[in-house]
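Undergrad: One file is attached below, final33.tsv, containing TSV, C-alpha atoms.
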chain	number	residue	atom	x	y	z
A	1	SER	CA	7.38	7.61	-9.04
A	2	GLN	CA	5.97	7.56	-5.53
A	3	GLN	CA	6.61	10.40	-3.14
A	4	GLY	CA	7.60	8.27	-0.18
A	5	GLU	CA	10.30	5.64	-0.27
A	6	GLU	CA	10.58	3.39	2.75
A	7	ASP	CA	13.46	1.48	4.15
A	8	PRO	CA	13.77	-1.35	4.92
A	9	GLN	CA	11.15	-3.12	2.82
A	10	ALA	CA	10.99	-5.90	5.40
A	11	LEU	CA	12.10	-6.13	9.02
A	12	SER	CA	12.02	-9.12	11.35
A	13	ILE	CA	12.87	-8.74	15.05
A	14	GLN	CA	12.30	-10.46	18.36
A	15	GLU	CA	9.50	-9.45	20.67
A	16	GLY	CA	10.65	-6.77	23.07
A	17	GLU	CA	13.16	-5.24	20.66
A	18	ASN	CA	12.74	-1.82	19.06
A	19	ALA	CA	11.82	-1.44	15.40
A	20	THR	CA	12.87	1.51	13.27
A	21	MET	CA	11.51	2.32	9.82
A	22	ASN	CA	12.61	5.17	7.59
A	23	CYS	CA	10.83	7.20	4.95
A	24	SER	CA	12.18	9.65	2.40
A	25	TYR	CA	10.15	12.01	0.25
A	26	LYS	CA	10.65	14.51	-2.53
A	27	THR	CA	8.46	17.60	-2.33
A	28	SER	CA	7.37	20.22	0.19
A	29	ILE	CA	4.81	18.91	2.62
A	30	ASN	CA	2.18	20.08	5.09
A	31	ASN	CA	2.69	17.00	7.20
A	32	LEU	CA	3.86	13.42	7.16
A	33	GLN	CA	1.73	10.58	8.44
A	34	TRP	CA	2.29	6.96	9.38
A	35	TYR	CA	-0.28	4.22	8.87
A	36	ARG	CA	-0.51	0.59	9.76
A	37	GLN	CA	-2.11	-2.20	7.74
A	38	ASN	CA	-2.86	-5.65	9.01
A	39	SER	CA	-2.95	-8.32	6.34
A	40	GLY	CA	-5.90	-7.90	4.01
A	41	ARG	CA	-7.37	-4.97	5.89
A	42	GLY	CA	-7.69	-1.23	5.40
A	43	LEU	CA	-5.12	1.23	6.67
A	44	VAL	CA	-5.29	2.72	10.14
A	45	HIS	CA	-3.76	6.07	11.02
A	46	LEU	CA	-1.03	5.98	13.68
A	47	ILE	CA	0.49	9.42	13.97
A	48	LEU	CA	0.82	12.73	12.13
A	49	ILE	CA	3.78	15.08	12.35
A	50	ARG	CA	3.53	18.59	10.97
A	51	SER	CA	6.22	20.14	8.82
A	52	ASN	CA	7.24	22.52	11.62
A	53	GLU	CA	7.63	19.70	14.15
A	54	ARG	CA	10.78	17.65	14.61
A	55	GLU	CA	9.64	14.87	16.93
A	56	LYS	CA	6.38	13.44	18.17
A	57	HIS	CA	5.44	10.67	20.56
A	58	SER	CA	2.32	8.54	20.93
A	59	GLY	CA	2.48	5.65	23.36
A	60	ARG	CA	5.24	3.33	22.14
A	61	LEU	CA	5.60	5.28	18.89
A	62	ARG	CA	8.19	7.95	18.23
A	63	VAL	CA	8.29	9.81	14.95
A	64	THR	CA	10.98	12.20	13.78
A	65	LEU	CA	10.93	14.54	10.80
A	66	ASP	CA	13.88	16.23	9.12
A	67	THR	CA	12.55	18.54	6.42
A	68	SER	CA	16.06	19.56	5.35
A	69	LYS	CA	16.80	15.94	4.43
A	70	LYS	CA	13.19	15.21	3.47
A	71	SER	CA	13.13	12.16	5.70
A	72	SER	CA	11.23	10.69	8.62
A	73	SER	CA	11.59	7.72	10.92
A	74	LEU	CA	9.12	5.69	12.94
A	75	LEU	CA	10.36	3.94	16.06
A	76	ILE	CA	8.25	1.32	17.80
A	77	THR	CA	9.63	0.52	21.23
A	78	ALA	CA	9.23	-2.71	23.16
A	79	SER	CA	7.65	-4.49	20.19
A	80	ARG	CA	4.87	-7.03	20.62
A	81	ALA	CA	3.67	-9.85	18.39
A	82	ALA	CA	0.54	-7.80	17.74
A	83	ASP	CA	2.70	-5.11	16.08
A	84	THR	CA	3.23	-7.47	13.14
A	85	ALA	CA	1.85	-5.55	10.16
A	86	SER	CA	2.85	-3.35	7.25
A	87	TYR	CA	3.69	0.26	7.99
A	88	PHE	CA	3.36	3.08	5.49
A	89	CYS	CA	4.43	6.68	5.48
A	90	ALA	CA	2.30	9.20	3.62
A	91	THR	CA	3.06	12.77	2.70
A	92	ASP	CA	0.42	15.46	2.51
A	93	GLU	CA	1.77	17.64	-0.27
A	94	GLN	CA	1.82	21.35	0.27
A	95	GLY	CA	-0.82	23.17	-1.72
A	96	ALA	CA	-2.39	20.04	-3.16
A	97	GLN	CA	-4.11	18.03	-0.40
A	98	LYS	CA	-2.74	15.05	-2.24
A	99	LEU	CA	-1.87	12.21	0.12
A	100	VAL	CA	0.88	10.08	-1.38
A	101	PHE	CA	2.10	6.84	0.15
A	102	GLY	CA	5.39	5.03	0.23
A	103	GLN	CA	5.89	1.37	-0.57
A	104	GLY	CA	5.72	0.28	3.04
A	105	THR	CA	7.76	-1.77	5.48
A	106	ARG	CA	6.63	-5.26	6.36
A	107	LEU	CA	7.34	-5.74	10.09
A	108	THR	CA	7.36	-9.20	11.66
A	109	ILE	CA	7.68	-9.60	15.41
A	110	ASN	CA	8.84	-13.06	16.43
A	111	PRO	CA	7.67	-14.33	19.82
B	1	ASP	CA	-14.14	4.32	12.16
B	2	ALA	CA	-15.35	6.88	9.71
B	3	GLY	CA	-18.39	5.71	7.80
B	4	ILE	CA	-16.73	4.66	4.56
B	5	THR	CA	-18.25	1.87	2.55
B	6	GLN	CA	-16.73	0.43	-0.59
B	7	SER	CA	-18.79	-1.64	-2.98
B	8	PRO	CA	-18.48	-4.24	-4.21
B	9	ARG	CA	-15.95	-5.82	-1.85
B	10	HIS	CA	-14.98	-8.46	-4.40
B	11	LYS	CA	-15.43	-8.58	-8.14
B	12	VAL	CA	-14.28	-10.78	-10.97
B	13	THR	CA	-14.70	-9.35	-14.43
B	14	GLU	CA	-13.60	-10.12	-17.97
B	15	THR	CA	-11.03	-8.20	-19.97
B	16	GLY	CA	-12.60	-5.40	-21.95
B	17	THR	CA	-15.66	-4.90	-19.77
B	18	PRO	CA	-16.41	-1.65	-17.93
B	19	VAL	CA	-16.28	-1.73	-14.15
B	20	THR	CA	-17.38	0.87	-11.60
B	21	LEU	CA	-16.32	0.84	-7.98
B	22	ARG	CA	-18.17	2.93	-5.46
B	23	CYS	CA	-16.98	4.70	-2.35
B	24	HIS	CA	-19.66	6.06	-0.06
B	25	GLN	CA	-19.00	8.16	3.03
B	26	THR	CA	-21.29	9.47	5.73
B	27	GLU	CA	-18.80	11.89	7.31
B	28	ASN	CA	-19.23	14.85	4.96
B	29	HIS	CA	-15.48	14.83	4.31
B	30	ARG	CA	-14.38	17.14	1.55
B	31	TYR	CA	-11.42	15.16	0.20
B	32	MET	CA	-11.68	11.67	-1.28
B	33	TYR	CA	-9.04	9.44	-2.78
B	34	TRP	CA	-8.76	6.24	-4.79
B	35	TYR	CA	-5.67	4.07	-4.45
B	36	ARG	CA	-4.60	0.72	-5.79
B	37	GLN	CA	-2.40	-1.63	-3.83
B	38	ASP	CA	-0.14	-4.16	-5.48
B	39	PRO	CA	2.69	-6.25	-4.00
B	40	GLY	CA	5.94	-4.33	-4.05
B	41	HIS	CA	4.29	-1.00	-4.86
B	42	GLY	CA	2.47	-0.01	-1.70
B	43	LEU	CA	-0.48	2.28	-2.30
B	44	ARG	CA	-0.49	4.30	-5.48
B	45	LEU	CA	-2.81	7.24	-5.96
B	46	ILE	CA	-5.15	6.91	-8.93
B	47	HIS	CA	-7.39	9.98	-8.66
B	48	TYR	CA	-8.53	12.28	-5.92
B	49	SER	CA	-11.28	14.81	-5.33
B	50	TYR	CA	-11.23	18.06	-3.42
B	51	GLY	CA	-14.93	18.75	-3.73
B	52	VAL	CA	-18.05	17.98	-5.71
B	53	LYS	CA	-17.14	17.82	-9.40
B	54	ASP	CA	-13.54	18.75	-8.56
B	55	THR	CA	-11.13	15.93	-9.30
B	56	ASP	CA	-7.51	15.53	-10.28
B	57	LYS	CA	-5.18	12.80	-11.45
B	58	GLY	CA	-2.81	10.85	-9.30
B	59	GLU	CA	0.31	8.98	-10.32
B	60	VAL	CA	-1.38	6.00	-12.02
B	61	SER	CA	-4.51	7.47	-13.61
B	62	ASP	CA	-4.26	5.95	-17.10
B	63	GLY	CA	-7.21	3.67	-17.80
B	64	TYR	CA	-9.26	5.09	-14.93
B	65	SER	CA	-11.84	7.83	-14.64
B	66	VAL	CA	-13.70	9.20	-11.64
B	67	SER	CA	-16.80	11.15	-10.86
B	68	ARG	CA	-18.08	12.96	-7.81
B	69	SER	CA	-21.57	14.33	-8.27
B	70	LYS	CA	-22.28	14.60	-4.56
B	71	THR	CA	-20.17	14.86	-1.43
B	72	GLU	CA	-20.81	11.35	-0.20
B	73	ASP	CA	-20.01	9.35	-3.33
B	74	PHE	CA	-16.77	8.97	-5.31
B	75	LEU	CA	-16.94	6.55	-8.23
B	76	LEU	CA	-13.97	4.93	-9.92
B	77	THR	CA	-14.54	3.57	-13.43
B	78	LEU	CA	-12.38	1.27	-15.47
B	79	GLU	CA	-13.66	1.95	-18.98
B	80	SER	CA	-12.26	-1.28	-20.42
B	81	ALA	CA	-10.71	-3.50	-17.78
B	82	THR	CA	-7.31	-5.08	-18.41
B	83	SER	CA	-5.47	-7.79	-16.51
B	84	SER	CA	-2.96	-5.18	-15.28
B	85	GLN	CA	-5.81	-3.57	-13.35
B	86	THR	CA	-6.21	-6.64	-11.18
B	87	SER	CA	-5.55	-5.19	-7.75
B	88	VAL	CA	-6.97	-4.22	-4.39
B	89	TYR	CA	-8.56	-0.78	-4.52
B	90	PHE	CA	-8.86	1.45	-1.47
B	91	CYS	CA	-10.92	4.55	-0.99
B	92	ALA	CA	-9.96	7.16	1.59
B	93	THR	CA	-11.49	10.38	2.85
B	94	LYS	CA	-10.13	13.38	4.69
B	95	PRO	CA	-11.94	16.30	6.29
B	96	PRO	CA	-10.81	19.85	5.62
B	97	THR	CA	-9.14	21.83	8.38
B	98	VAL	CA	-7.81	25.35	8.59
B	99	THR	CA	-4.33	23.97	9.22
B	100	MET	CA	-4.56	21.36	6.46
B	101	ASN	CA	-3.28	18.80	8.97
B	102	THR	CA	-5.62	15.88	9.37
B	103	GLU	CA	-5.54	12.14	8.99
B	104	ALA	CA	-7.22	10.10	6.28
B	105	PHE	CA	-9.78	7.38	6.88
B	106	PHE	CA	-9.84	4.24	4.78
B	107	GLY	CA	-12.46	1.88	3.50
B	108	GLN	CA	-11.97	-1.88	3.70
B	109	GLY	CA	-10.94	-2.27	0.09
B	110	THR	CA	-12.28	-3.87	-3.08
B	111	ARG	CA	-10.50	-6.87	-4.53
B	112	LEU	CA	-10.84	-6.74	-8.32
B	113	THR	CA	-9.75	-9.57	-10.56
B	114	VAL	CA	-9.72	-9.12	-14.32
B	115	VAL	CA	-9.60	-12.42	-16.22
Take the structure in the file and give it back as structure tokens.

TA:
Amino acid sequence: SQQGEEDPQALSIQEGENATMNCSYKTSINNLQWYRQNSGRGLVHLILIRSNEREKHSGRLRVTLDTSKKSSSLLITASRAADTASYFCATDEQGAQKLVFGQGTRLTINP
Amino acid sequence: DAGITQSPRHKVTETGTPVTLRCHQTENHRYMYWYRQDPGHGLRLIHYSYGVKDTDKGEVSDGYSVSRSKTEDFLLTLESATSSQTSVYFCATKPPTVTMNTEAFFGQGTRLTVV
């Protein structure tokens, strides 16, 4: 089974609201990463959080990591229609350099 | 964007035929990955490479083989294509770092249809 499990699978909110996505994983990691995918396109890296970090910010993005619970969350604040996309977490497994993705969250921002 | 080129971008092939997808990078990245993406499954790792001639299996490697004879090219081969291998295939690369903490860069994908 996949390393990362994401929740919810789909999320629909109004423009201006905050969006939160969660990711759980199973093994020890070097880091956890979040990616975005617009329909039919390749993935684009958003943010990386190392295993010894608990929180990281980048613009309107806030990522948290709880290694004791093996979970992470991505918060997008003040959402915009252009944020509509699929979001994936990926874990960089310790000792393996194997990047394993979750199933993704489909985010829709309604104008 | 990192210089990652996947070829072909689209392919339709018949069941039972061999198919090879190519991933070419110009960034001299050490690590390369092949994923497939299907609705409801996200991206699943097929095979990955941590150097020339060094490869390992991912979670869905059955029916696929890979080769990496030089740093810039990572080939994915379906020895005998089946309809269940109809999918979008993505290649990714990642540079090595001392800290092991770096992002991956993705190609634009190859849409493969097996009929």

Undergrad: Contacts from chain A to chain B, 7 Å maximum, only C-alpha atoms: show me the residue list as a list in words.

TA: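 Output check: Asn30, Asn31, Arg41, Gly42, Leu43, His45, Val100, Phe101, Gly102, Gln103 and Gly104 of chain A.
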
Undergrad: Give me the residues within 9 Å of Leu32 in chain A as number ranges by chain, counting all atoms listed in the file and dropping any in the same chain fewer than 2 places off.

TA: A: 29-30, 34, 47-51, 65, 72, 89-93

Undergrad: Quick check, in Å to one decimal: how far apart do CA of Ser24 in chain A and CA of Leu99 in chain A lie?

TA: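 Interatomic distance here is 14.5 Å.
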
Undergrad: Excluding Lys70 in chain A and residues on its chain fewer than 4 positions from it, collect all residues at most 7 Å away from it, counting all atoms listed in the file, and give them as a list in words.

TA: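 Close residues of Lys70 in chain A: Ser24, Tyr25, Lys26 and Asp66 of chain A.
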
Undergrad: Please identify all polymer residues within 8 Å of Thr17 in chain B, counting all atoms listed in the file, omitting same-chain residues fewer than 6 positions from it, and present them as number ranges by chain.

TA: B: 79-81

Undergrad: Around range 23-41 of chain B, fit a box with edges along x, y and z, padding it by 4 Å on each side, then list its centre and edge lengths in Å to one decimal as lines of an AutoDock Vina configuration file.

TA:
center_x = -7.7
center_y = 5.4
center_z = 0.8
size_x = 35.2
size_y = 31.4
size_z = 21.1

Undergrad: So which residues touch Gly16 in chain B within 12 Å, counting all atoms listed in the file, skipping near sequence neighbours fewer than 5 positions away, as a compact mmCIF listing (two decimals) with C-alpha atoms, keeping the file's coordinate frame?

TA:
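Output file part.txt is given in full below:
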# COMPACT_ATOMS: atom_id res chain seq x y z
CA GLY B 63 -7.21 3.67 -17.80
CA LEU B 78 -12.38 1.27 -15.47
CA GLU B 79 -13.66 1.95 -18.98
CA SER B 80 -12.26 -1.28 -20.42
CA ALA B 81 -10.71 -3.50 -17.78
CA THR B 82 -7.31 -5.08 -18.41
CA SER B 83 -5.47 -7.79 -16.51
CA SER B 84 -2.96 -5.18 -15.28
CA GLN B 85 -5.81 -3.57 -13.35
CA VAL B 114 -9.72 -9.12 -14.32
CA VAL B 115 -9.60 -12.42 -16.22

Undergrad: So, counting only C-alpha atoms, which residue among A:Pro111, A:Pro8, A:Gly59, A:Gly40 is closest to Ala81 in chain A?

TA: A:Pro111
